[in-house]
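Novice: Sharing a structure below in structure tokens format, with a few things to ask.
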Amino acid sequence: MDKETRVEELKNMTKKFMDDRDWRKFHTPKDLAITITTEAAELLEIFRFKSEHEIEELFESDGREKVEDELADVLMNICRFAEISNIDLTSALKNK
């Protein structure tokens with residue numbers, strides 16, 4: 001699906017997800033930056049102190065779903081940050 005989905009669609013999906021939960025009041029750039037960091041730390045925690053072999057096993061087991069969930073949380077909050085701040089992620093990445 002990555003090949004079929006545009007960044008704008010991801011932002012819209014994220015906006016709907018957040019709006020359905022009435023989370024806008026919690027979404028300032030500062031709070032979203034904190035959330036991105038927190039979610040990234042949760043992703044990192046999955047890999048902490050694991051050997052390369054354990055990481056390979058993780059991706060071949062139910063651990064893969066946990067990784068995907070945490071990665072989705074990071075992406076969702078990045079998209080939300082960009083959406084409320086009117087940041088074009090494609091341009092930002094190209095300019096980097």
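Quick note on naming: the chains in the structure tokens go A, B, ... in the order shown, residues restart at 1 in each chain, and ligands are numbered from 1 in order of appearance.
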Skipping near chain neighbours, those fewer than 5 positions away, what residues fall within 10 Å of Glu83 (chain A) using only C-alpha atoms, listed as a PDB file with N, CA, C and O atoms, in the first residue's frame?
Specialist:
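Okay, out-v1.pdb is ready:
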```pdb
ATOM      1  N   GLU A   8      -0.375  13.157   1.648  1.00  0.00           N
ATOM      2  CA  GLU A   8      -1.598  13.893   1.976  1.00  0.00           C
ATOM      3  C   GLU A   8      -2.685  12.949   2.496  1.00  0.00           C
ATOM      4  O   GLU A   8      -3.417  13.288   3.433  1.00  0.00           O
ATOM      5  N   LEU A  10      -2.155  10.155   4.110  1.00  0.00           N
ATOM      6  CA  LEU A  10      -1.759   9.789   5.466  1.00  0.00           C
ATOM      7  C   LEU A  10      -2.152  10.887   6.453  1.00  0.00           C
ATOM      8  O   LEU A  10      -2.647  10.603   7.543  1.00  0.00           O
ATOM      9  N   LYS A  11      -1.921  12.132   6.059  1.00  0.00           N
ATOM     10  CA  LYS A  11      -2.301  13.255   6.926  1.00  0.00           C
ATOM     11  C   LYS A  11      -3.810  13.268   7.147  1.00  0.00           C
ATOM     12  O   LYS A  11      -4.280  13.488   8.270  1.00  0.00           O
ATOM     13  N   ASN A  12      -4.577  13.041   6.092  1.00  0.00           N
ATOM     14  CA  ASN A  12      -6.039  13.040   6.215  1.00  0.00           C
ATOM     15  C   ASN A  12      -6.531  11.879   7.076  1.00  0.00           C
ATOM     16  O   ASN A  12      -7.459  12.042   7.877  1.00  0.00           O
ATOM     17  N   THR A  14      -4.861  10.455   9.451  1.00  0.00           N
ATOM     18  CA  THR A  14      -4.478  10.799  10.816  1.00  0.00           C
ATOM     19  C   THR A  14      -5.419  11.843  11.396  1.00  0.00           C
ATOM     20  O   THR A  14      -5.871  11.720  12.539  1.00  0.00           O
ATOM     21  N   LYS A  15      -5.748  12.859  10.613  1.00  0.00           N
ATOM     22  CA  LYS A  15      -6.666  13.903  11.084  1.00  0.00           C
ATOM     23  C   LYS A  15      -8.005  13.290  11.472  1.00  0.00           C
ATOM     24  O   LYS A  15      -8.552  13.594  12.531  1.00  0.00           O
ATOM     25  N   ASN A  77       1.789  10.675  14.544  1.00  0.00           N
ATOM     26  CA  ASN A  77       2.042  11.949  15.221  1.00  0.00           C
ATOM     27  C   ASN A  77       2.884  12.895  14.385  1.00  0.00           C
ATOM     28  O   ASN A  77       2.703  14.107  14.454  1.00  0.00           O
ATOM     29  N   ILE A  78       3.770  12.365  13.563  1.00  0.00           N
ATOM     30  CA  ILE A  78       4.513  13.213  12.625  1.00  0.00           C
ATOM     31  C   ILE A  78       3.538  13.818  11.616  1.00  0.00           C
ATOM     32  O   ILE A  78       3.585  15.018  11.336  1.00  0.00           O
ATOM     33  N   ASP A  88       4.741  20.827   4.607  1.00  0.00           N
ATOM     34  CA  ASP A  88       4.743  19.875   3.508  1.00  0.00           C
ATOM     35  C   ASP A  88       5.913  18.925   3.749  1.00  0.00           C
ATOM     36  O   ASP A  88       7.079  19.314   3.600  1.00  0.00           O
ATOM     37  N   LEU A  89       5.613  17.713   4.150  1.00  0.00           N
ATOM     38  CA  LEU A  89       6.665  16.764   4.506  1.00  0.00           C
ATOM     39  C   LEU A  89       7.562  16.412   3.331  1.00  0.00           C
ATOM     40  O   LEU A  89       8.778  16.241   3.517  1.00  0.00           O
TER      41      LEU A  89
END
```
Novice: Going by DSSP on the backbone, which bits of chain A are helix (DSSP H, G or I)? Write them as a compact mmCIF listing (two decimals) with N, CA, C and O atoms, in the first residue's frame, please.
Specialist:
```
# COMPACT_ATOMS: atom_id res chain seq x y z
N ASP A 2 2.10 1.19 0.45
CA ASP A 2 2.94 2.38 0.44
C ASP A 2 3.04 2.97 -0.96
O ASP A 2 3.05 4.20 -1.11
N LYS A 3 3.12 2.12 -1.96
CA LYS A 3 3.26 2.60 -3.33
C LYS A 3 1.99 3.30 -3.82
O LYS A 3 2.05 4.06 -4.78
N GLU A 4 0.88 3.05 -3.15
CA GLU A 4 -0.41 3.59 -3.59
C GLU A 4 -0.89 4.79 -2.77
O GLU A 4 -1.86 5.44 -3.14
N VAL A 7 1.30 11.12 0.81
CA VAL A 7 1.50 11.70 2.13
C VAL A 7 0.24 12.45 2.57
O VAL A 7 -0.17 12.36 3.72
N GLU A 8 -0.38 13.16 1.65
CA GLU A 8 -1.60 13.89 1.98
C GLU A 8 -2.69 12.95 2.50
O GLU A 8 -3.42 13.29 3.43
N GLU A 9 -2.78 11.77 1.91
CA GLU A 9 -3.76 10.79 2.39
C GLU A 9 -3.44 10.34 3.81
O GLU A 9 -4.35 10.16 4.63
N LEU A 10 -2.16 10.15 4.11
CA LEU A 10 -1.76 9.79 5.47
C LEU A 10 -2.15 10.89 6.45
O LEU A 10 -2.65 10.60 7.54
N LYS A 11 -1.92 12.13 6.06
CA LYS A 11 -2.30 13.25 6.93
C LYS A 11 -3.81 13.27 7.15
O LYS A 11 -4.28 13.49 8.27
N ASN A 12 -4.58 13.04 6.09
CA ASN A 12 -6.04 13.04 6.21
C ASN A 12 -6.53 11.88 7.08
O ASN A 12 -7.46 12.04 7.88
N MET A 13 -5.93 10.71 6.91
CA MET A 13 -6.29 9.56 7.74
C MET A 13 -6.01 9.86 9.21
O MET A 13 -6.82 9.55 10.09
N THR A 14 -4.86 10.45 9.45
CA THR A 14 -4.48 10.80 10.82
C THR A 14 -5.42 11.84 11.40
O THR A 14 -5.87 11.72 12.54
N LYS A 15 -5.75 12.86 10.61
CA LYS A 15 -6.67 13.90 11.08
C LYS A 15 -8.00 13.29 11.47
O LYS A 15 -8.55 13.59 12.53
N LYS A 16 -8.53 12.42 10.64
CA LYS A 16 -9.81 11.78 10.95
C LYS A 16 -9.71 10.95 12.23
O LYS A 16 -10.59 11.02 13.10
N PHE A 17 -8.65 10.16 12.34
CA PHE A 17 -8.44 9.33 13.53
C PHE A 17 -8.43 10.20 14.79
O PHE A 17 -9.09 9.89 15.78
N MET A 18 -7.69 11.30 14.74
CA MET A 18 -7.58 12.18 15.90
C MET A 18 -8.88 12.93 16.16
O MET A 18 -9.31 13.05 17.31
N ASP A 19 -9.51 13.42 15.10
CA ASP A 19 -10.78 14.15 15.26
C ASP A 19 -11.88 13.25 15.80
O ASP A 19 -12.70 13.69 16.62
N ASP A 20 -11.91 12.00 15.39
CA ASP A 20 -12.91 11.06 15.89
C ASP A 20 -12.79 10.87 17.40
O ASP A 20 -13.76 10.51 18.07
N ARG A 24 -7.90 17.03 19.36
CA ARG A 24 -7.29 18.27 18.87
C ARG A 24 -6.78 19.16 20.02
O ARG A 24 -5.74 19.79 19.92
N LYS A 25 -7.54 19.19 21.11
CA LYS A 25 -7.15 20.03 22.25
C LYS A 25 -5.79 19.65 22.85
O LYS A 25 -5.16 20.43 23.53
N PHE A 26 -5.34 18.43 22.55
CA PHE A 26 -4.06 17.96 23.06
C PHE A 26 -2.93 18.15 22.04
O PHE A 26 -1.79 17.79 22.32
N PRO A 29 1.97 22.02 18.68
CA PRO A 29 3.28 21.54 18.20
C PRO A 29 4.16 21.01 19.32
O PRO A 29 4.80 19.97 19.18
N LYS A 30 4.16 21.68 20.45
CA LYS A 30 4.98 21.23 21.59
C LYS A 30 4.53 19.85 22.06
O LYS A 30 5.35 18.94 22.23
N ASP A 31 3.23 19.69 22.26
CA ASP A 31 2.72 18.41 22.76
C ASP A 31 2.95 17.28 21.76
O ASP A 31 3.26 16.15 22.14
N LEU A 32 2.81 17.58 20.48
CA LEU A 32 3.06 16.56 19.46
C LEU A 32 4.53 16.21 19.37
O LEU A 32 4.89 15.04 19.17
N ALA A 33 5.41 17.18 19.54
CA ALA A 33 6.85 16.89 19.54
C ALA A 33 7.20 15.97 20.72
O ALA A 33 7.98 15.02 20.56
N ILE A 34 6.59 16.23 21.86
CA ILE A 34 6.79 15.36 23.03
C ILE A 34 6.26 13.96 22.72
O ILE A 34 6.93 12.95 23.02
N THR A 35 5.09 13.89 22.11
CA THR A 35 4.49 12.59 21.80
C THR A 35 5.32 11.82 20.79
O THR A 35 5.50 10.60 20.93
N ILE A 36 5.85 12.50 19.78
CA ILE A 36 6.71 11.83 18.80
C ILE A 36 7.91 11.21 19.50
O ILE A 36 8.27 10.05 19.24
N THR A 37 8.51 11.96 20.39
CA THR A 37 9.67 11.46 21.13
C THR A 37 9.30 10.28 22.02
O THR A 37 10.02 9.28 22.08
N THR A 38 8.17 10.38 22.69
CA THR A 38 7.70 9.31 23.57
C THR A 38 7.43 8.03 22.78
O THR A 38 7.84 6.93 23.17
N GLU A 39 6.74 8.18 21.65
CA GLU A 39 6.43 7.01 20.82
C GLU A 39 7.71 6.41 20.23
O GLU A 39 7.83 5.18 20.14
N ALA A 40 8.66 7.25 19.84
CA ALA A 40 9.93 6.75 19.32
C ALA A 40 10.68 5.97 20.41
O ALA A 40 11.31 4.94 20.14
N ALA A 41 10.60 6.45 21.64
CA ALA A 41 11.23 5.74 22.76
C ALA A 41 10.57 4.38 22.99
O ALA A 41 11.25 3.40 23.32
N GLU A 42 9.25 4.32 22.81
CA GLU A 42 8.55 3.03 22.94
C GLU A 42 8.99 2.06 21.85
O GLU A 42 9.13 0.86 22.10
N LEU A 43 9.24 2.58 20.67
CA LEU A 43 9.78 1.75 19.58
C LEU A 43 11.18 1.27 19.95
O LEU A 43 11.50 0.08 19.79
N LEU A 44 12.00 2.16 20.44
CA LEU A 44 13.36 1.80 20.83
C LEU A 44 13.38 0.74 21.93
O LEU A 44 14.21 -0.18 21.90
N GLU A 45 12.46 0.83 22.84
CA GLU A 45 12.39 -0.11 23.97
C GLU A 45 12.26 -1.56 23.48
O GLU A 45 12.80 -2.48 24.10
N ILE A 46 11.56 -1.75 22.38
CA ILE A 46 11.38 -3.10 21.84
C ILE A 46 12.72 -3.73 21.48
O ILE A 46 12.91 -4.94 21.64
N PHE A 47 13.67 -2.92 21.03
CA PHE A 47 14.97 -3.41 20.55
C PHE A 47 16.07 -3.37 21.61
O PHE A 47 17.14 -3.93 21.40
N GLU A 52 21.33 -9.20 17.41
CA GLU A 52 20.84 -9.23 16.02
C GLU A 52 19.95 -10.46 15.80
O GLU A 52 18.94 -10.38 15.12
N HIS A 53 20.33 -11.57 16.38
CA HIS A 53 19.54 -12.80 16.25
C HIS A 53 18.16 -12.62 16.89
O HIS A 53 17.14 -13.03 16.31
N GLU A 54 18.12 -12.03 18.06
CA GLU A 54 16.83 -11.80 18.74
C GLU A 54 15.95 -10.85 17.94
O GLU A 54 14.73 -11.02 17.90
N ILE A 55 16.57 -9.88 17.30
CA ILE A 55 15.80 -8.94 16.47
C ILE A 55 15.23 -9.65 15.25
O ILE A 55 14.07 -9.44 14.89
N GLU A 56 16.03 -10.52 14.64
CA GLU A 56 15.52 -11.31 13.52
C GLU A 56 14.32 -12.14 13.95
O GLU A 56 13.30 -12.21 13.25
N GLU A 57 14.42 -12.78 15.10
CA GLU A 57 13.32 -13.59 15.63
C GLU A 57 12.10 -12.73 15.93
O GLU A 57 10.96 -13.16 15.73
N LEU A 58 12.34 -11.53 16.42
CA LEU A 58 11.25 -10.61 16.73
C LEU A 58 10.39 -10.34 15.50
O LEU A 58 9.16 -10.36 15.56
N PHE A 59 11.05 -10.11 14.37
CA PHE A 59 10.32 -9.81 13.14
C PHE A 59 9.63 -11.02 12.54
O PHE A 59 8.77 -10.88 11.69
N GLY A 63 6.11 -10.18 17.71
CA GLY A 63 6.80 -8.93 18.02
C GLY A 63 6.73 -7.95 16.86
O GLY A 63 6.78 -6.74 17.07
N ARG A 64 6.63 -8.48 15.66
CA ARG A 64 6.53 -7.62 14.48
C ARG A 64 5.33 -6.68 14.59
O ARG A 64 5.41 -5.51 14.24
N GLU A 65 4.22 -7.18 15.09
CA GLU A 65 3.01 -6.35 15.24
C GLU A 65 3.25 -5.21 16.21
O GLU A 65 2.81 -4.08 15.98
N LYS A 66 3.96 -5.46 17.29
CA LYS A 66 4.28 -4.41 18.26
C LYS A 66 5.16 -3.34 17.61
O LYS A 66 4.94 -2.15 17.81
N VAL A 67 6.14 -3.77 16.82
CA VAL A 67 7.01 -2.82 16.11
C VAL A 67 6.16 -1.98 15.16
O VAL A 67 6.28 -0.75 15.12
N GLU A 68 5.29 -2.62 14.40
CA GLU A 68 4.44 -1.90 13.47
C GLU A 68 3.53 -0.91 14.19
O GLU A 68 3.34 0.22 13.72
N ASP A 69 2.98 -1.31 15.33
CA ASP A 69 2.11 -0.41 16.11
C ASP A 69 2.87 0.83 16.57
O ASP A 69 2.37 1.95 16.47
N GLU A 70 4.06 0.62 17.11
CA GLU A 70 4.83 1.76 17.61
C GLU A 70 5.30 2.65 16.47
O GLU A 70 5.27 3.88 16.57
N LEU A 71 5.71 2.04 15.37
CA LEU A 71 6.12 2.83 14.21
C LEU A 71 4.95 3.63 13.66
O LEU A 71 5.10 4.80 13.28
N ALA A 72 3.77 3.02 13.64
CA ALA A 72 2.56 3.73 13.19
C ALA A 72 2.25 4.90 14.12
O ALA A 72 1.84 5.98 13.65
N ASP A 73 2.45 4.73 15.42
CA ASP A 73 2.23 5.83 16.36
C ASP A 73 3.16 7.00 16.06
O ASP A 73 2.74 8.17 16.08
N VAL A 74 4.43 6.70 15.78
CA VAL A 74 5.38 7.76 15.44
C VAL A 74 4.94 8.46 14.16
O VAL A 74 4.85 9.70 14.11
N LEU A 75 4.63 7.68 13.13
CA LEU A 75 4.22 8.26 11.85
C LEU A 75 2.94 9.08 11.99
O LEU A 75 2.83 10.18 11.44
N MET A 76 1.99 8.56 12.72
CA MET A 76 0.72 9.26 12.90
C MET A 76 0.95 10.64 13.54
O MET A 76 0.37 11.64 13.11
N ASN A 77 1.79 10.68 14.54
CA ASN A 77 2.04 11.95 15.22
C ASN A 77 2.88 12.90 14.38
O ASN A 77 2.70 14.11 14.45
N ILE A 78 3.77 12.37 13.56
CA ILE A 78 4.51 13.21 12.63
C ILE A 78 3.54 13.82 11.62
O ILE A 78 3.58 15.02 11.34
N CYS A 79 2.65 13.00 11.10
CA CYS A 79 1.65 13.50 10.14
C CYS A 79 0.76 14.56 10.77
O CYS A 79 0.46 15.58 10.15
N ARG A 80 0.35 14.31 12.00
CA ARG A 80 -0.51 15.29 12.70
C ARG A 80 0.24 16.60 12.92
O ARG A 80 -0.31 17.68 12.72
N PHE A 81 1.49 16.51 13.35
CA PHE A 81 2.30 17.70 13.56
C PHE A 81 2.38 18.49 12.26
O PHE A 81 2.18 19.71 12.25
N ALA A 82 2.69 17.81 11.18
CA ALA A 82 2.81 18.47 9.88
C ALA A 82 1.49 19.08 9.45
O ALA A 82 1.45 20.20 8.94
N GLU A 83 0.41 18.36 9.67
CA GLU A 83 -0.93 18.83 9.25
C GLU A 83 -1.32 20.11 10.00
O GLU A 83 -1.71 21.09 9.38
N ILE A 84 -1.18 20.12 11.32
CA ILE A 84 -1.61 21.31 12.06
C ILE A 84 -0.65 22.48 11.89
O ILE A 84 -1.03 23.63 12.11
N LEU A 89 5.61 17.71 4.15
CA LEU A 89 6.67 16.76 4.51
C LEU A 89 7.56 16.41 3.33
O LEU A 89 8.78 16.24 3.52
N THR A 90 6.99 16.31 2.16
CA THR A 90 7.81 15.98 0.98
C THR A 90 8.81 17.08 0.71
O THR A 90 10.00 16.82 0.50
N SER A 91 8.37 18.32 0.76
CA SER A 91 9.28 19.46 0.55
C SER A 91 10.32 19.53 1.65
O SER A 91 11.51 19.76 1.39
N ALA A 92 9.89 19.30 2.89
CA ALA A 92 10.82 19.35 4.02
C ALA A 92 11.91 18.29 3.85
O ALA A 92 13.09 18.57 4.09
N LEU A 93 11.52 17.10 3.43
CA LEU A 93 12.50 16.03 3.24
C LEU A 93 13.43 16.32 2.07
O LEU A 93 14.66 16.17 2.18
N LYS A 94 12.89 16.84 0.98
CA LYS A 94 13.73 17.19 -0.16
C LYS A 94 14.70 18.31 0.18
O LYS A 94 15.85 18.30 -0.24
N ASN A 95 14.24 19.29 0.97
CA ASN A 95 15.09 20.42 1.36
C ASN A 95 16.16 20.01 2.36
O ASN A 95 17.19 20.67 2.47
```
